[in-house]
Each structure stands twice: as C-alpha cells, then as structure tokens.
Amino acid sequence: MKTILLILQLFIFCPVHSIAADTTWLNNKWQPCSKENAAYFSINKGKQQQLYYNNSNALLMKGSFSDERLLYKEGTFTWYFPDGKLKDSITYVHNSPRYLAHFHSNGQMKTLLLYNDSNRAVFVNSWNQDGSVSFIDTFYHDRKHNECNKDTAWLKGIIERETDSCWHLRFYYITNNRLYINSYYKQRLCTTRIKDFEKYNEEGKLTDSSLYSLNGRRQEVWLFHHNCLISAYKKYDSLGKLSGTTVWDEYGNEQFIDPAIVYPSQPEGFRAWKNKVMMQINNDSSINWSKRSQYYGRVSIKLAIDSSGNLLSAYTRNPSPYPDLNSLILFVCRQYDKWKPGTVKGVRSSFIINCNFYFTGGKITGYQQTYL
C-alpha cells in the first residue's frame with residue numbers, strides 16, 4: 001500500500017511541463033524538431049511562454065505577450081543559466097525594450113542598457129566579473145538588428161573603446177565569422193559616426209564604404225556592385241550636404257543620373273500585391289469572427305526596406321485597439337520580404353514604407369502606402 005501511495009505522489013508532484021500536451025521541441029536554433037534532437041522545449045499557455053533546457057528540464061526563459069500569436073512582448077522576460085542563475089532580464093513596453101540587463105555566471109551584472117519611449121538607447125555600461133568597468137563588450141543581434149539570444153543570432157557584435165572619444169564597433173556573420181560591419185563612433189551609445197564605415201556581404205565582398213569627419217559629418221561614400229566594381233561615388237560638402245554623384249554600371253561604364261526618386265515596389269506590382277495581402281488577411285480564421293466583426297478602425301505598419309530590396313524589419317507604428325488583428329496584419333506583412341530596390345538619383349537606397357490598413361467589421365476595406 002505504501003508503495004502505491006509513493007507512486008501516486010510521484011505522479012502528482014512531477015513537473016507539469018514534462019507531460020504538457022502543448023510542448024514544442026526545439027533544436028539549438030530554436031526551430032521545431034523531434035524530441036530526440038531537441039536542445040530545448042517550449043510550453044505556451046495562452047499569452048505566456050516558458051522555455052526549458054531539454055537535458056535537465058531547467059528553466060531557460062519565461063515571459064508574456066499581449067497577443068495570442070506571441071509576437072508582441074509585454075512585461076519582463078527573464079533568462080537563466082543551466083544552473084538556475086539569472087542570465088538576462090529585459091522589460092518590454094508594447095514590444096519595445098525599455099530595460100535590458102545581462103549578467104555574468106557569477107551573478108555580477110555584465111551590461112545595462114536603458115531606452116526611452118522613442119526606443120532610443122539613452123544609457124549603456126559594462127562590467128567585468130569582478131565588478132570593474134569594462135571597455136569591451138560582446139552581444140548578439142538578429143536580422144532586424146534587435147538584441148537576441150546567441151542561439152538565434154544572425155550577427156555577433158563587439159564594441160571596444162580605442163580612446164575616450166572613439167569606440168570601435170564590429171559585427172560578424174554568425175554563419176562564417178566574416179566581417180559584416182566595421183565602424184567607429186564618438187560615444188559608447190554609437191550616436192555619432194566618425195572615421196570609416198564599411199559593410200560587407202556574407203561572401204566577404206565590400207558593398208558600402210563611407211568616410212566621416214570627427215564631428216560626424218559624412219564626407220564621401222562608395223557603393224559597389226556584386227562583382228566588386230564600384231557602382232556609385234558620392235561627395236559631400238563641409239556641412240554634410242550631397243554635392244555630387246557619379247554612377248557606373250556593372251561593366252564600369254558611367255551612367256546618366258536620374259534625378260527622380262524611385263521607391264521600392266512589390267515584384268508583382270502594387271495592385272496585385274495589395275489585393276493578395278487584403279485577401280489573405282480577410283480569409284484568415286484565426287480570430288473568431290463573432291468577435292472580429294466588431295472591429296472598426298485603422299492600423300499603421302512600417303516596413304524598412306534596405307538598398308537591396310530586403311525587408312529588414314516590420315513593426316506596428318500606430319496600432320488599433322485590437323492586438324489580435326494588429327498581430328495578424330503584421331504577420332502577413334512579414335511574409336513578403338523581397339521588394340524591387342528603390343533608388344535616389346540612380347543609386348540604390350533604403351526606404352521606410354508606411355502601410356495603412358483600414359478595416360470595417362473586421363475586414364480590410366482599404367489600403368494606403370506612403371514613403372518616408
């Protein structure tokens with residue numbers, strides 16, 4: 001009888017996550033996989049998420065979201081070392097970080113980063129394990145240049161002080177450890193760019209090179225084709241205003257400069273893209289229609305398109321009062337990550353696109369697109 005009671009007690013008090021029906025197994029890149037190949041597992045309960053180390057069942061992360069799709073972070077997310085010690089603590093307001101702290105394995109704070117309501121970093125400092133101030137720090141970014149866990153990072157960043165007024169910032173591709181960005185800034189917060197700025201693709205080829213004065217004004221810019229030949233040269237005056245541009249094609253022939261601005265465009269054309277996106281949103285059934293039919297208003301989504309036509313980021317700028325519909329629209333917009341590049345005076349440039357979705361009774365009835 002005692003043996004039976006002991007077995008029942010063990011069953012009752014075993015960790016809930018070990019038998020949860022909603023468990024998702026994840027590999028070391030946080031991609032879904034089989035249990036046998038899993039490094040972690042995730043348990044989602046409504047708007048709450050918890051991640052665990054698969055080899056020990058120890059807690060890795062816990063946090064909450066404001067939407068059922070788990071896209072909008074809200075509140076404090078905490079990360080832990082395998083031994084249970086605090087590793088990271090990040091507080092979000094409407095999916096934007098306000099407070100970020102990293103810790104060494106001995107419990108000493110490693111990095112503290114504070115943001116204002118405009119999502120701009122306003123304070124940063126780093127410390128060594130003994131508590132002394134550190135003048136070099138390592139961190140990780142995803143493809144949208146948001147700080148992230150090393151497992152899911154696209155880039156590894158290293159910032160190091162060279163002098164009191166010069167900080168050297170480098171980013172490396174995680175996939176091959178090649179240099180992505182080499183740059184210099186006047187402050188640790190990287191607000192004033194100085195000296196050289198260079199950007200490379202994953203093949204190691206130079207794509208952009210700029211020269212800045214010590215007061216942060218741009219002086220010269222060189223852009224390069226994929227075959228490494230120069231595609232454009234820009235010259236700036238002492239005030240940092242563009243004074244001249246020369247453009248070459250991929251064969252080295254100088255080209256006529258079109259003064260008009262050509263905005264990024266959808267590969268299939270604006271009308272076809274708009275109709276496809278509106279249909280995809282309107283045909284989605286993830287939100288109960290008895291609830292969704294009461295939705296009226298507008299949501300504004302901003303898309304950041306780089307000079308190669310890649311979607312760098314998509315985020316809600318002016319949300320509607322309905323987080324689930326905001327989340328659905330953002331989810332659909334993020335699926336279209338390839339655009340025709342935009343140009344300024346014949347040179348490919350980055351753009352911000354403001355997408356306004358208007359809805360009546362939960363259905364998208366209008367769409368307007370502007371550029372910044």
# chains A, B, ... in the order shown; residues from 1 in each chain; ligands from 1
$ residues_around --residues "A:Tyr296" --least-positions-apart "5" --cutoff "9 Å" --atoms "only C-alpha atoms" --output "list in words"
Ser320, Tyr358, Phe359, Thr360, Gly361, Gly362 and Lys363 of chain A
$ write_last_selection --atoms "C-alpha atoms" --output "PDB file, in the first residue's frame"
ATOM      1  CA  SER A 320      -5.559  49.753 -33.473  1.00  0.00           C
ATOM      2  CA  TYR A 358      -8.425  50.317 -42.919  1.00  0.00           C
ATOM      3  CA  PHE A 359     -10.966  47.797 -41.675  1.00  0.00           C
ATOM      4  CA  THR A 360     -14.736  47.682 -41.233  1.00  0.00           C
ATOM      5  CA  GLY A 361     -16.451  44.846 -39.430  1.00  0.00           C
ATOM      6  CA  GLY A 362     -13.082  43.139 -39.095  1.00  0.00           C
ATOM      7  CA  LYS A 363     -12.431  43.084 -42.870  1.00  0.00           C
TER       8      LYS A 363
END
$ closest_atom_pairs --of "stretch 251-297 of chain A" --to "stretch 308-314 of chain A" --cutoff "12 Å" --atoms "only C-alpha atoms" --output "CSV"
residue,atom,partner,partner_atom,distance
A:Tyr263,CA,A:Gly309,CA,10.3
A:Pro264,CA,A:Gly309,CA,7.0
A:Ser265,CA,A:Gly309,CA,8.6
A:Gln266,CA,A:Gly309,CA,9.5
A:Pro267,CA,A:Gly309,CA,10.0
$ write_last_selection --atoms "N, CA and C atoms" --output "compact mmCIF listing (two decimals), in the first residue's frame"
# COMPACT_ATOMS: atom_id res chain seq x y z
N TYR A 263 10.81 54.65 -55.76
CA TYR A 263 10.53 53.99 -54.49
C TYR A 263 10.54 52.47 -54.63
N PRO A 264 10.82 51.74 -53.54
CA PRO A 264 10.73 50.28 -53.59
C PRO A 264 9.32 49.85 -54.01
N SER A 265 9.25 48.77 -54.74
CA SER A 265 7.94 48.30 -55.21
C SER A 265 7.83 46.80 -55.06
N GLN A 266 6.61 46.33 -55.03
CA GLN A 266 6.36 44.90 -54.92
C GLN A 266 6.65 44.22 -56.25
N PRO A 267 7.29 43.05 -56.26
CA PRO A 267 7.67 42.39 -57.53
C PRO A 267 6.49 42.16 -58.46
$ closest_atom_pairs --of "stretch 39-122 of chain A" --to "stretch 174-196 of chain A" --cutoff "12 Å" --atoms "only C-alpha atoms" --output "CSV"
residue,atom,partner,partner_atom,distance
A:Leu112,CA,A:Leu189,CA,11.8
A:Leu113,CA,A:Leu189,CA,9.5
A:Leu114,CA,A:Leu189,CA,10.5
A:Tyr115,CA,A:Leu189,CA,10.9
A:Arg120,CA,A:Leu189,CA,9.5
A:Ala121,CA,A:Leu189,CA,6.9
A:Val122,CA,A:Leu189,CA,7.3
$ closest_atom_pairs --of "stretch 245-328 of chain A" --to "stretch 335-348 of chain A" --cutoff "12 Å" --atoms "only C-alpha atoms" --output "Markdown table"
| residue | atom | partner | partner_atom | distance |
| --- | --- | --- | --- | --- |
| A:Thr245 | CA | A:Lys345 | CA | 8.1 |
| A:Thr246 | CA | A:Val347 | CA | 9.2 |
| A:Val247 | CA | A:Gly346 | CA | 7.2 |
| A:Trp248 | CA | A:Val347 | CA | 9.7 |
| A:Asp249 | CA | A:Gly346 | CA | 10.5 |
| A:Glu254 | CA | A:Gly346 | CA | 11.5 |
| A:Gln255 | CA | A:Gly346 | CA | 8.7 |
| A:Phe256 | CA | A:Gly346 | CA | 8.1 |
| A:Ile257 | CA | A:Gly346 | CA | 5.3 |
| A:Asp258 | CA | A:Lys345 | CA | 5.0 |
| A:Pro259 | CA | A:Lys345 | CA | 4.3 |
| A:Ala260 | CA | A:Lys345 | CA | 5.9 |
| A:Ile261 | CA | A:Val344 | CA | 4.7 |
| A:Val262 | CA | A:Thr343 | CA | 5.0 |
| A:Tyr263 | CA | A:Gly342 | CA | 4.4 |
| A:Pro264 | CA | A:Gly342 | CA | 4.1 |
| A:Ser265 | CA | A:Lys340 | CA | 5.1 |
| A:Gln266 | CA | A:Trp339 | CA | 5.1 |
| A:Pro267 | CA | A:Trp339 | CA | 5.9 |
| A:Glu268 | CA | A:Trp339 | CA | 9.3 |
| A:Gly269 | CA | A:Lys340 | CA | 9.7 |
| A:Phe270 | CA | A:Trp339 | CA | 10.8 |
| A:Trp273 | CA | A:Tyr336 | CA | 9.3 |
| A:Lys274 | CA | A:Tyr336 | CA | 11.4 |
| A:Lys276 | CA | A:Tyr336 | CA | 10.8 |
| A:Val277 | CA | A:Tyr336 | CA | 9.3 |
| A:Gln280 | CA | A:Gln335 | CA | 11.0 |
| A:Ile281 | CA | A:Gln335 | CA | 12.0 |
| A:Leu303 | CA | A:Asp337 | CA | 9.6 |
| A:Ala304 | CA | A:Asp337 | CA | 10.0 |
| A:Ile305 | CA | A:Trp339 | CA | 7.6 |
| A:Asp306 | CA | A:Pro341 | CA | 7.5 |
| A:Ser307 | CA | A:Arg348 | CA | 5.1 |
| A:Ser308 | CA | A:Pro341 | CA | 5.4 |
| A:Gly309 | CA | A:Pro341 | CA | 4.2 |
| A:Asn310 | CA | A:Lys338 | CA | 5.1 |
| A:Leu311 | CA | A:Asp337 | CA | 4.6 |
| A:Leu312 | CA | A:Asp337 | CA | 7.9 |
| A:Ser313 | CA | A:Asp337 | CA | 9.0 |
| A:Ala314 | CA | A:Asp337 | CA | 9.5 |
| A:Leu328 | CA | A:Gln335 | CA | 11.2 |
$ residues_around --residues "stretch 88-91 of chain A" --least-positions-apart "3" --cutoff "12 Å" --atoms "only C-alpha atoms" --output "PyMOL selection string"
chain A and resi 60-65+73-81+84-85+94-105+107-115+139+147-150
$ atom_distance --atom1 "atom CA of A:Thr365" --atom2 "atom CA of A:Tyr322"
16.3 Å
